[in-house]
file work.cif (mmCIF, C-alpha atoms)
data_run
#
loop_
_atom_site.label_atom_id
_atom_site.label_comp_id
_atom_site.auth_asym_id
_atom_site.auth_seq_id
_atom_site.Cartn_x
_atom_site.Cartn_y
_atom_site.Cartn_z
CA MET A 1 3.26 0.24 -14.93
CA VAL A 2 -3.88 -5.00 -10.94
CA LYS A 3 -6.52 -5.99 -8.35
CA THR A 4 -9.43 -3.65 -8.96
CA LEU A 5 -10.18 -0.41 -10.75
CA HIS A 6 -7.99 1.39 -8.20
CA ILE A 7 -4.91 -0.55 -9.21
CA VAL A 8 -5.66 -0.42 -12.93
CA VAL A 9 -5.67 3.34 -13.01
CA SER A 10 -2.83 3.81 -10.55
CA VAL A 11 -0.33 1.86 -12.63
CA LEU A 12 0.61 4.86 -14.75
CA ILE A 13 4.19 4.12 -15.62
CA VAL A 14 5.65 7.03 -17.61
CA LEU A 15 9.07 5.71 -18.57
CA LEU A 16 10.88 7.76 -21.19
CA THR A 17 14.36 6.88 -22.38
CA ILE A 18 16.88 8.46 -24.69
CA SER A 19 18.49 5.90 -26.95
CA ALA A 20 22.24 5.49 -27.30
CA CYS A 21 22.08 6.99 -30.80
CA SER A 22 20.45 10.22 -29.57
CA SER A 23 21.15 13.38 -31.45
CA SER A 24 24.00 15.24 -29.75
CA LYS A 25 21.80 18.32 -29.15
CA VAL A 26 19.16 16.36 -27.25
CA TYR A 27 21.76 14.36 -25.35
CA LEU A 28 23.58 17.53 -24.22
CA LEU A 29 20.30 19.26 -23.38
CA MET A 30 19.17 16.47 -21.06
CA GLY A 31 22.51 16.59 -19.26
CA ASP A 32 22.43 20.37 -18.87
CA GLY A 33 20.89 22.62 -16.23
CA GLU A 34 21.69 24.07 -12.82
CA VAL A 35 20.04 25.59 -9.75
CA ALA A 36 20.19 29.37 -9.36
CA GLN A 37 20.48 29.28 -5.54
CA ALA A 38 23.62 27.91 -3.86
CA ASN A 39 22.19 27.19 -0.40
CA TYR A 40 18.53 26.42 0.14
CA LYS A 41 16.01 24.36 2.04
CA VAL A 42 12.28 24.69 1.35
CA VAL A 43 9.20 22.65 2.22
CA VAL A 44 6.89 22.09 -0.74
CA PRO A 45 3.38 20.62 -0.37
CA PHE A 46 2.00 18.20 -2.91
CA GLU A 47 -1.26 16.44 -3.66
CA MET A 48 -1.93 12.88 -4.78
CA ARG A 49 -3.85 11.99 -7.93
CA LEU A 50 -4.32 8.33 -8.81
CA GLY A 51 -1.77 7.57 -6.08
CA LEU A 52 0.99 9.72 -7.62
CA ILE A 53 2.66 12.99 -6.55
CA ILE A 54 1.54 16.23 -8.21
CA LEU A 55 3.64 19.38 -7.61
CA LYS A 56 3.10 23.04 -8.43
CA VAL A 57 5.77 24.26 -10.88
CA LYS A 58 6.06 27.93 -11.82
CA ILE A 59 7.16 28.92 -15.34
CA GLN A 60 7.09 32.47 -16.69
CA GLY A 61 5.15 33.64 -13.64
CA GLU A 62 2.34 31.06 -13.88
CA GLU A 63 1.81 27.88 -11.82
CA TYR A 64 1.25 24.52 -13.48
CA ASP A 65 0.54 20.97 -12.26
CA PHE A 66 3.42 18.56 -12.87
CA LEU A 67 3.71 14.85 -12.11
CA PHE A 68 6.76 14.07 -9.96
CA ASP A 69 8.41 11.24 -11.91
CA THR A 70 11.91 9.88 -11.28
CA GLY A 71 11.37 7.43 -14.17
CA ALA A 72 11.20 10.15 -16.82
CA PRO A 73 12.91 13.35 -17.95
CA ASN A 74 11.01 16.63 -17.90
CA VAL A 75 8.02 16.72 -20.23
CA VAL A 76 5.48 19.43 -21.06
CA THR A 77 2.18 19.03 -22.86
CA LYS A 78 1.87 20.34 -26.40
CA GLU A 79 -0.61 22.90 -25.07
CA LEU A 80 1.85 24.24 -22.50
CA ALA A 81 4.67 24.29 -25.07
CA ARG A 82 2.52 26.59 -27.24
CA ILE A 83 1.75 28.88 -24.28
CA LEU A 84 5.46 29.08 -23.38
CA GLU A 85 6.43 29.43 -27.06
CA LEU A 86 9.05 26.71 -26.71
CA LYS A 87 11.20 26.02 -29.75
CA SER A 88 12.44 22.54 -30.62
CA VAL A 89 16.22 22.09 -30.42
CA GLY A 90 16.15 18.47 -31.57
CA ARG A 91 14.14 15.30 -31.97
CA ASN A 92 14.65 11.82 -30.59
CA THR A 93 12.87 8.49 -30.45
CA THR A 94 11.21 8.11 -27.06
CA LYS A 95 9.83 4.88 -25.60
CA GLY A 96 6.81 4.73 -23.30
CA SER A 97 6.13 2.17 -20.59
CA GLN A 98 4.00 0.00 -22.90
CA GLY A 99 6.84 -0.32 -25.43
CA HIS A 100 5.46 2.19 -27.94
CA ARG A 101 8.06 4.40 -29.66
CA GLU A 102 7.54 7.84 -31.10
CA LYS A 103 9.59 10.80 -32.33
CA VAL A 104 9.50 13.59 -29.77
CA ASP A 105 10.64 17.22 -29.96
CA TYR A 106 12.83 18.51 -27.12
CA ALA A 107 13.11 22.11 -25.98
CA CYS A 108 14.95 24.18 -23.37
CA ILE A 109 13.02 25.86 -20.52
CA ASP A 110 14.93 28.92 -19.34
CA THR A 111 13.64 28.80 -15.76
CA LEU A 112 11.24 26.57 -13.85
CA SER A 113 10.67 27.16 -10.18
CA ILE A 114 9.56 24.85 -7.34
CA GLY A 115 8.94 26.44 -3.94
CA GLY A 116 10.96 29.45 -5.10
CA ILE A 117 13.98 27.33 -6.10
CA GLU A 118 14.90 28.03 -9.73
CA TYR A 119 16.10 25.37 -12.16
CA LEU A 120 17.85 26.97 -15.13
CA GLN A 121 18.30 25.84 -18.72
CA THR A 122 16.53 22.53 -18.26
CA GLY A 123 15.53 20.24 -21.11
CA ALA A 124 12.00 18.92 -21.66
CA GLY A 125 10.21 16.72 -24.15
CA ILE A 126 7.00 17.98 -25.77
CA MET A 127 4.24 15.36 -25.78
CA ASP A 128 0.51 14.76 -26.16
CA PHE A 129 -0.93 13.65 -22.81
CA ASN A 130 -4.36 12.92 -24.27
CA LYS A 131 -3.36 9.57 -25.76
CA SER A 132 -3.90 7.97 -22.35
CA THR A 133 -7.36 8.41 -20.86
CA GLU A 134 -6.06 7.79 -17.34
CA ILE A 135 -3.21 10.30 -17.64
CA SER A 136 -5.51 12.90 -19.19
CA CYS A 137 -7.84 12.40 -16.19
CA MET A 138 -5.01 13.66 -13.97
CA ASP A 139 -5.22 17.07 -15.68
CA LEU A 140 -1.45 17.55 -15.91
CA ASP A 141 0.56 20.30 -17.56
CA GLY A 142 3.81 18.36 -17.52
CA ILE A 143 6.21 15.99 -15.79
CA LEU A 144 9.02 17.02 -13.46
CA GLY A 145 11.71 14.50 -14.30
CA ALA A 146 15.05 13.24 -13.10
CA ASN A 147 17.13 15.56 -15.31
CA SER A 148 16.01 18.45 -13.07
CA MET A 149 15.73 16.49 -9.81
CA ARG A 150 19.37 15.37 -9.87
CA HIS A 151 20.56 18.92 -9.12
CA SER A 152 18.98 18.82 -5.64
CA ILE A 153 18.22 16.51 -2.71
CA TRP A 154 14.55 15.59 -2.27
CA GLN A 155 13.01 14.18 0.90
CA ILE A 156 9.46 12.93 0.37
CA ASP A 157 6.95 12.34 3.18
CA TYR A 158 3.86 10.66 1.74
CA GLN A 159 1.93 10.80 5.01
CA LYS A 160 2.34 14.57 5.46
CA GLN A 161 2.28 15.15 1.68
CA VAL A 162 5.32 17.42 1.71
CA ILE A 163 8.72 17.40 0.02
CA ILE A 164 11.79 19.01 1.57
CA LEU A 165 13.92 20.35 -1.26
CA THR A 166 17.50 21.14 -0.23
CA SER A 167 21.01 21.74 -1.50
CA HIS A 168 22.75 19.95 1.38
CA ILE A 169 21.85 16.64 2.97
CA ASP A 170 23.24 17.87 6.31
CA SER A 171 20.19 20.12 6.59
CA LEU A 172 17.93 17.06 6.94
CA THR A 173 17.16 15.10 10.10
CA PHE A 174 17.43 11.31 10.11
CA ILE A 175 16.77 8.59 12.65
CA ASP A 176 19.58 6.16 13.52
CA LYS A 177 18.34 3.06 11.72
CA LEU A 178 17.88 3.65 8.02
CA ASP A 179 17.88 1.56 4.87
CA THR A 180 19.60 2.59 1.66
CA ILE A 181 19.34 1.58 -1.98
CA PRO A 182 22.33 2.47 -4.20
CA PHE A 183 21.59 3.41 -7.80
CA THR A 184 23.26 4.30 -11.06
CA THR A 185 21.73 6.69 -13.56
CA LYS A 186 20.68 6.82 -17.19
CA ALA A 187 21.57 9.76 -19.44
CA THR A 188 18.43 11.57 -18.24
CA GLY A 189 19.38 11.14 -14.56
CA THR A 190 16.79 8.42 -14.00
CA PRO A 191 17.94 6.10 -11.16
CA VAL A 192 18.21 2.36 -11.85
CA ILE A 193 18.88 -0.38 -9.29
CA ASP A 194 19.54 -4.12 -9.01
CA ILE A 195 16.96 -6.47 -7.51
CA THR A 196 17.99 -9.96 -6.40
CA ILE A 197 15.85 -13.06 -5.88
CA GLY A 198 17.90 -16.01 -4.65
CA ASN A 199 20.98 -16.05 -6.87
CA ILE A 200 19.24 -14.30 -9.78
CA VAL A 201 19.88 -10.60 -10.32
CA GLN A 202 17.73 -8.23 -12.37
CA HIS A 203 19.73 -5.18 -13.44
CA ASN A 204 18.41 -1.79 -14.56
CA VAL A 205 15.18 -1.75 -12.57
CA THR A 206 13.89 1.83 -12.73
CA LEU A 207 13.30 3.57 -9.42
CA ASP A 208 10.04 5.02 -10.63
CA LEU A 209 7.90 7.39 -8.55
CA GLY A 210 5.86 8.02 -11.69
CA SER A 211 4.60 4.43 -11.40
CA GLY A 212 1.72 3.48 -9.16
CA GLY A 213 2.95 -0.11 -9.18
CA HIS A 214 4.68 -2.43 -6.74
CA ILE A 215 7.72 -4.55 -7.73
CA ASP A 216 7.44 -5.05 -11.50
CA LEU A 217 10.14 -7.27 -12.98
CA SER A 218 10.91 -8.82 -16.35
CA HIS A 219 9.28 -11.97 -17.68
CA LYS A 220 12.78 -13.47 -17.97
CA MET A 221 13.33 -12.93 -14.25
CA TYR A 222 9.99 -14.58 -13.49
CA THR A 223 10.73 -17.66 -15.61
CA GLU A 224 14.21 -18.08 -14.10
CA VAL A 225 12.89 -17.84 -10.55
CA LEU A 226 10.03 -20.24 -11.30
CA LYS A 227 12.45 -22.71 -12.89
CA GLN A 228 14.48 -22.80 -9.67
CA LYS A 229 11.41 -22.82 -7.38
CA PRO A 230 8.51 -24.46 -9.26
CA GLU A 231 6.54 -24.76 -6.00
CA MET A 232 6.59 -20.97 -5.56
CA PRO A 233 3.05 -19.48 -5.34
CA HIS A 234 2.15 -17.90 -8.69
CA ASN A 235 -0.82 -17.04 -10.86
CA TYR A 236 -1.62 -14.86 -13.86
CA ALA A 237 -4.11 -12.48 -15.42
CA PHE A 238 -4.68 -11.47 -19.03
CA GLY A 239 -5.57 -8.07 -20.45
CA ASN A 240 -4.53 -4.43 -20.07
CA SER A 241 -3.10 -3.89 -16.61
CA SER A 242 -1.49 -0.48 -17.02
CA SER A 243 -1.47 2.74 -18.98
CA GLY A 244 1.49 4.87 -20.03
CA ILE A 245 2.08 8.17 -21.78
CA TYR A 246 1.06 6.66 -25.15
CA GLY A 247 -2.04 4.96 -23.77
CA VAL A 248 -2.88 1.31 -23.23
CA GLY A 249 -0.78 -1.36 -24.90
CA ALA A 250 -1.95 -4.59 -26.51
CA PRO A 251 -3.50 -7.25 -24.22
CA ASP A 252 -0.79 -9.01 -22.29
CA THR A 253 -0.27 -11.82 -19.78
CA ILE A 254 0.70 -10.53 -16.33
CA ASN A 255 2.33 -13.06 -14.04
CA TYR A 256 2.18 -12.70 -10.25
CA PHE A 257 4.67 -14.63 -8.16
CA LYS A 258 5.71 -14.79 -4.53
CA PRO A 259 9.39 -15.61 -3.94
CA ASP A 260 10.72 -16.43 -0.48
CA SER A 261 12.79 -13.24 -0.39
CA ILE A 262 13.64 -10.19 -2.50
CA GLN A 263 16.66 -7.94 -1.95
CA PHE A 264 17.64 -4.48 -3.15
CA GLY A 265 20.18 -2.37 -1.30
CA SER A 266 19.83 -3.04 2.44
CA ILE A 267 16.13 -3.93 2.00
CA GLU A 268 15.12 -7.58 2.30
CA LEU A 269 11.45 -8.47 1.85
CA HIS A 270 9.95 -11.87 2.56
CA HIS A 271 7.00 -13.51 0.80
CA GLN A 272 5.90 -10.43 -1.14
CA ILE A 273 4.16 -10.57 -4.51
CA CYS A 274 6.04 -9.41 -7.60
CA HIS A 275 4.54 -8.67 -11.02
CA ALA A 276 5.96 -9.61 -14.43
CA SER A 277 4.39 -8.76 -17.77
CA VAL A 278 5.20 -11.00 -20.72
CA THR A 279 5.69 -8.17 -23.22
CA LYS A 280 6.19 -4.96 -21.22
CA THR A 281 9.71 -3.71 -21.70
CA SER A 282 10.25 -1.85 -18.42
CA SER A 283 11.02 -3.13 -14.92
CA THR A 284 10.18 -0.77 -12.07
CA LEU A 285 10.09 -0.31 -8.32
CA GLY A 286 7.06 1.93 -7.86
CA THR A 287 5.16 4.17 -5.49
CA ARG A 288 3.19 1.39 -3.76
CA PHE A 289 6.51 0.34 -2.20
CA PHE A 290 7.98 3.79 -1.49
CA GLU A 291 4.85 5.29 0.08
CA ASN A 292 5.59 3.19 3.19
CA TYR A 293 8.73 5.25 3.86
CA ILE A 294 10.04 8.76 4.17
CA ILE A 295 12.46 8.65 1.28
CA THR A 296 15.44 10.86 0.46
CA LEU A 297 16.72 10.95 -3.12
CA ASP A 298 20.40 11.89 -3.19
CA TRP A 299 22.07 12.13 -6.60
CA ASN A 300 25.33 13.32 -4.99
CA GLU A 301 25.87 9.94 -3.36
CA ASN A 302 23.70 8.03 -5.85
CA HIS A 303 21.48 6.39 -3.28
CA VAL A 304 18.00 6.49 -1.76
CA ILE A 305 17.69 6.71 2.03
CA LEU A 306 14.55 5.13 3.53
CA GLU A 307 12.99 5.71 6.94
CA LYS A 308 10.22 3.17 7.50
CA VAL A 309 6.81 4.53 8.49
CA THR A 310 4.66 1.44 7.87
CA ASP A 311 5.42 -2.13 6.83
CA TYR A 312 5.18 -2.80 3.12
CA ASP A 313 2.61 -5.58 2.67
CA HIS A 314 1.76 -7.02 -0.71
CA SER A 315 1.59 -10.60 0.53
CA GLU A 316 -1.83 -11.49 -0.90
CA MET A 317 -4.25 -10.39 -3.59
CA LYS A 318 -8.04 -10.51 -3.36
CA ASN A 319 -10.30 -9.31 -6.15
CA LEU A 320 -13.54 -9.80 -8.05
CA GLY A 321 -11.65 -11.40 -10.92
CA TYR A 322 -11.76 -8.53 -13.40
CA ASN A 323 -10.74 -4.92 -14.02
CA LYS A 324 -12.45 -2.39 -16.25
CA ARG A 325 -11.38 0.51 -18.45
CA LEU A 326 -12.93 3.06 -20.79
CA TYR A 327 -12.52 2.13 -24.45
CA ASP A 328 -14.01 4.35 -27.18
CA GLY A 329 -16.69 5.72 -24.87
CA LYS A 330 -17.71 2.35 -23.43
CA LEU A 331 -16.74 0.77 -20.12
CA LYS A 332 -15.36 -2.68 -20.89
CA VAL A 333 -13.67 -5.62 -19.20
CA ALA A 334 -9.92 -4.88 -19.38
CA THR A 335 -8.34 -7.68 -17.34
CA ILE A 336 -9.46 -11.16 -16.28
CA PHE A 337 -7.78 -13.10 -13.48
CA ASN A 338 -7.07 -16.81 -13.83
CA GLY A 339 -9.00 -19.15 -11.55
CA SER A 340 -11.70 -16.62 -10.70
CA GLU A 341 -15.45 -16.86 -11.29
CA ALA A 342 -15.02 -13.95 -13.68
CA ALA A 343 -12.65 -16.07 -15.78
CA LYS A 344 -15.48 -18.57 -16.29
CA LYS A 345 -18.15 -15.99 -17.10
CA LEU A 346 -16.48 -12.92 -18.66
CA GLN A 347 -14.58 -12.28 -21.85
CA LEU A 348 -12.05 -9.56 -22.52
CA PHE A 349 -13.73 -6.38 -23.84
CA ASP A 350 -17.23 -7.37 -22.73
CA TYR A 351 -19.27 -4.15 -22.63
CA ILE A 352 -20.24 -3.40 -19.00
CA ILE A 353 -23.73 -1.90 -18.99
CA GLN A 354 -24.22 -1.89 -15.23
CA GLU A 355 -22.44 -2.66 -11.94
CA ASP A 356 -24.92 -3.27 -9.13
CA SER A 357 -27.28 -0.27 -9.42
CA VAL A 358 -24.89 1.98 -11.39
CA SER A 359 -25.56 2.24 -15.12
CA TYR A 360 -22.76 2.91 -17.60
CA THR A 361 -24.78 3.00 -20.83
CA HIS A 362 -24.12 6.71 -21.28
CA ILE A 363 -20.79 7.12 -19.48
CA LYS A 364 -18.72 10.15 -20.41
CA LYS A 365 -14.98 10.61 -20.03
CA SER A 366 -15.66 13.09 -17.20
CA ASP A 367 -17.71 10.40 -15.40
CA TYR A 368 -14.88 7.89 -15.82
CA CYS A 369 -12.32 10.41 -14.53
CA LYS A 370 -14.48 11.11 -11.48
CA MET A 371 -14.82 7.37 -10.87
CA ILE A 372 -11.10 6.63 -10.93
CA LEU A 373 -10.13 9.75 -8.97
CA ASP A 374 -12.63 9.00 -6.17
CA LYS A 375 -10.57 8.16 -3.06
CA THR A 376 -13.62 7.14 -1.02
CA LYS A 377 -14.58 4.05 -3.03
CA ASP A 378 -14.44 0.84 -1.02
CA LYS A 379 -13.87 -2.71 -2.27
CA PRO A 380 -17.16 -4.62 -2.39
CA LYS A 381 -17.31 -8.27 -1.33
CA SER A 382 -19.65 -9.04 -4.21
CA ARG A 383 -21.00 -7.39 -7.33
CA LYS A 384 -23.66 -7.99 -9.94
CA LEU A 385 -22.67 -7.15 -13.50
CA ILE A 386 -24.86 -6.71 -16.53
CA ILE A 387 -22.79 -7.05 -19.68
CA GLU A 388 -23.57 -6.93 -23.36
CA ARG A 389 -22.03 -9.48 -25.68
CA GLU A 390 -23.07 -9.94 -29.30
CA ASP A 391 -26.18 -7.78 -28.72
CA GLU A 392 -27.29 -9.98 -25.84
CA GLN A 393 -27.44 -8.82 -22.21
CA VAL A 394 -26.16 -11.21 -19.52
CA THR A 395 -26.36 -10.80 -15.72
CA ILE A 396 -23.29 -12.09 -13.89
CA PRO A 397 -22.94 -12.25 -10.07
CA LEU A 398 -19.36 -12.23 -8.76
CA GLU A 399 -17.78 -12.71 -5.33
CA ARG A 400 -14.45 -11.33 -4.14
CA SER A 401 -11.98 -14.19 -3.73
CA LEU A 402 -8.34 -14.87 -3.01
CA PHE A 403 -6.27 -14.69 -6.18
CA LEU A 404 -2.80 -15.27 -4.73
CA LYS A 405 -1.48 -15.91 -1.22
#
call {"tool": "encode", "arguments": {"input": "work.cif", "output": "structure tokens"}}
result
Amino acid sequence: MVKTLHIVVSVLIVLLTISACSSSKVYLLMGDGEVAQANYKVVVPFEMRLGLIILKVKIQGEEYDFLFDTGAPNVVTKELARILELKSVGRNTTKGSQGHREKVDYACIDTLSIGGIEYLQTGAGIMDFNKSTEISCMDLDGILGANSMRHSIWQIDYQKQVIILTSHIDSLTFIDKLDTIPFTTKATGTPVIDITIGNIVQHNVTLDLGSGGHIDLSHKMYTEVLKQKPEMPHNYAFGNSSSGIYGVGAPDTINYFKPDSIQFGSIELHHQICHASVTKTSSTLGTRFFENYIITLDWNENHVILEKVTDYDHSEMKNLGYNKRLYDGKLKVATIFNGSEAAKKLQLFDYIIQEDSVSYTHIKKSDYCKMILDKTKDKPKSRKLIIEREDEQVTIPLERSLFLK
């Protein structure tokens, strides 16, 4: 589903669900499919865009760029659906990560191939990816979702940027000490887990590699934990913290809180920051957690196996007190953090004319995409903003400060 620009654009939660009252054709389609090969093991490279995995998928002899997303079923863009001449077999109401609902056509793809491994008769939604500026910046042709993934075992190494795709878990090599997270699945194959804080359990947290987030829980979970531990470190921000398949939702309050411990499966984390939006409907465990491990997704045993590479550390947040986003061709203040200097000086949707020496008066979408895709950008200790508010220009100096520890 929020520190600086980097976090704003990396929280791209693409959570699609099929409702209980789905049409029978769509429901059966999303449960269908098989792999052509019986025994296989291939190594597939991937690249990262906005902190998320992008794979090459071959359909009808051509390669396309697909987001690897356990939190969604397969999806293709409307443009790719026209190229492939896909025919709708049914429609269903689909919900994005920001709570927006829309009728979506679903089609059957005869064969899609990853590293030479062929997935047959797989279902896919047909959607417009241009409703979200951030997602359109990723230049995707589709989403590889859990309804295809569940037919194989996937081992993901973020450091080497490779996935081992195999039919048998015995073909993989593991170290002795591993952690596991058991999961159940939705109709689309999407894994969901339980997360426990103290004696409070949050069910149906999506294991979501299509999210660039950390541990994002429900507002109800946050209020229950805070009621039991009112002295727990917590703070909040207000604005648009994330973008989903249908774009940015309405401004929202995002609570940040730091419980003593968090448990899911055999993992126990201590003094790590969790996020909880007041209105966002989804709860997710995202890529910022999983990228610290070599992870193996096993739908045969319904669990994730984790081999630690680095320690997960989200124990404090420092920022300049605001985030920005492109709205209608203008770069504007998108999020403001409580207690910061920015909270005293900025207002939501202030038009940002300049940051330090960089002018944004004539920013194009291509400029914005280049900005958010730039992996080399560092985090400045201070910044001078020039904003426009009610036709008046105001210069605002800001210092990076500790938001939550």
call {"tool": "residues_near_point", "arguments": {"input": "work.cif", "point": "(9.7, -14.3, -6.0)", "cutoff": "7 Å", "atoms": "all atoms listed in the file", "output": "PDB file with C-alpha atoms, in the frame of the given file"}}
result
ATOM      1  CA  ILE A 197      15.850 -13.060  -5.880  1.00  0.00           C
ATOM      2  CA  VAL A 225      12.890 -17.840 -10.550  1.00  0.00           C
ATOM      3  CA  PHE A 257       4.670 -14.630  -8.160  1.00  0.00           C
ATOM      4  CA  LYS A 258       5.710 -14.790  -4.530  1.00  0.00           C
ATOM      5  CA  PRO A 259       9.390 -15.610  -3.940  1.00  0.00           C
ATOM      6  CA  ASP A 260      10.720 -16.430  -0.480  1.00  0.00           C
ATOM      7  CA  SER A 261      12.790 -13.240  -0.390  1.00  0.00           C
ATOM      8  CA  ILE A 262      13.640 -10.190  -2.500  1.00  0.00           C
ATOM      9  CA  ILE A 273       4.160 -10.570  -4.510  1.00  0.00           C
ATOM     10  CA  CYS A 274       6.040  -9.410  -7.600  1.00  0.00           C
TER      11      CYS A 274
END
call {"tool": "closest_residue", "arguments": {"input": "work.cif", "among": "A:Met48, A:Phe349, A:Ser340, A:Lys365", "to": "Asn130 of chain A", "atoms": "all atoms listed in the file"}}
result
A:Lys365
call {"tool": "resolve_selection", "arguments": {"input": "work.cif", "expression": "the PyMOL selection byres ((chain A and resi 201) around 12)", "output": "list of chain:residue names"}}
result
A:Ile193, A:Asp194, A:Ile195, A:Thr196, A:Ile197, A:Gly198, A:Asn199, A:Ile200, A:Gln202, A:His203, A:Asn204, A:Val205, A:Leu217, A:Ser218, A:Lys220, A:Met221, A:Tyr222, A:Glu224, A:Val225, A:Ile262, A:Gln263, A:Phe264
call {"tool": "write_last_selection", "arguments": {"input": "work.cif", "atoms": "C-alpha atoms", "output": "mmCIF file, in the frame of the given file"}}
result
data_model
loop_
_atom_site.group_PDB
_atom_site.id
_atom_site.type_symbol
_atom_site.label_atom_id
_atom_site.label_comp_id
_atom_site.auth_asym_id
_atom_site.auth_seq_id
_atom_site.Cartn_x
_atom_site.Cartn_y
_atom_site.Cartn_z
ATOM 1 C CA ILE A 193 18.880 -0.380 -9.290
ATOM 2 C CA ASP A 194 19.540 -4.120 -9.010
ATOM 3 C CA ILE A 195 16.960 -6.470 -7.510
ATOM 4 C CA THR A 196 17.990 -9.960 -6.400
ATOM 5 C CA ILE A 197 15.850 -13.060 -5.880
ATOM 6 C CA GLY A 198 17.900 -16.010 -4.650
ATOM 7 C CA ASN A 199 20.980 -16.050 -6.870
ATOM 8 C CA ILE A 200 19.240 -14.300 -9.780
ATOM 9 C CA GLN A 202 17.730 -8.230 -12.370
ATOM 10 C CA HIS A 203 19.730 -5.180 -13.440
ATOM 11 C CA ASN A 204 18.410 -1.790 -14.560
ATOM 12 C CA VAL A 205 15.180 -1.750 -12.570
ATOM 13 C CA LEU A 217 10.140 -7.270 -12.980
ATOM 14 C CA SER A 218 10.910 -8.820 -16.350
ATOM 15 C CA LYS A 220 12.780 -13.470 -17.970
ATOM 16 C CA MET A 221 13.330 -12.930 -14.250
ATOM 17 C CA TYR A 222 9.990 -14.580 -13.490
ATOM 18 C CA GLU A 224 14.210 -18.080 -14.100
ATOM 19 C CA VAL A 225 12.890 -17.840 -10.550
ATOM 20 C CA ILE A 262 13.640 -10.190 -2.500
ATOM 21 C CA GLN A 263 16.660 -7.940 -1.950
ATOM 22 C CA PHE A 264 17.640 -4.480 -3.150
#
call {"tool": "resolve_selection", "arguments": {"input": "work.cif", "expression": "the PyMOL selection byres ((chain A and resi 359-363) around 12)", "output": "PyMOL selection string"}}
result
chain A and resi 324-332+351-358+364-371+384-388
call {"tool": "resolve_selection", "arguments": {"input": "work.cif", "expression": "the PyMOL selection byres ((chain A and resi 303) around 6)", "output": "PyMOL selection string"}}
result
chain A and resi 181-183+298+301-302+304
call {"tool": "residues_around", "arguments": {"input": "work.cif", "residues": "Lys58 of chain A", "least_positions_apart": "2", "cutoff": "8 Å", "atoms": "only C-alpha atoms", "output": "PyMOL selection string"}}
result
chain A and resi 56+60-64+112-114
call {"tool": "atom_distance", "arguments": {"input": "work.cif", "atom1": "atom CA of Gly33 of chain A", "atom2": "atom CA of Ile54 of chain A"}}
result
21.9 Å
call {"tool": "atom_distance", "arguments": {"input": "work.cif", "atom1": "atom CA of Gly71 of chain A", "atom2": "atom CA of Arg150 of chain A"}}
result
12.1 Å
call {"tool": "atom_distance", "arguments": {"input": "work.cif", "atom1": "atom CA of Asp391 of chain A", "atom2": "atom CA of Lys345 of chain A"}}
result
16.3 Å
call {"tool": "residues_around", "arguments": {"input": "work.cif", "residues": "Gln121 of chain A", "least_positions_apart": "3", "cutoff": "9 Å", "atoms": "all atoms listed in the file", "output": "PyMOL selection string"}}
result
chain A and resi 29+32-34+108-112
call {"tool": "axis_aligned_box", "arguments": {"input": "work.cif", "around": "segment 52-69 of chain A", "padding_each_side": "6 Å", "output": "lines of an AutoDock Vina configuration file"}}
result
center_x = 4.5
center_y = 21.7
center_z = -11.6
size_x = 19.9
size_y = 35.9
size_z = 22.1
call {"tool": "residues_around", "arguments": {"input": "work.cif", "residues": "Leu28 of chain A", "least_positions_apart": "5", "cutoff": "12 Å", "atoms": "all atoms listed in the file", "output": "MDAnalysis selection string"}}
result
chainID A and resid 18 22:23 33 89:90 106:108 121:124 147 187:188
call {"tool": "residues_around", "arguments": {"input": "work.cif", "residues": "His168 of chain A", "least_positions_apart": "5", "cutoff": "9 Å", "atoms": "only C-alpha atoms", "output": "list in words"}}
result
Asn39, Tyr40, Lys41, Ser152 and Ile153 of chain A
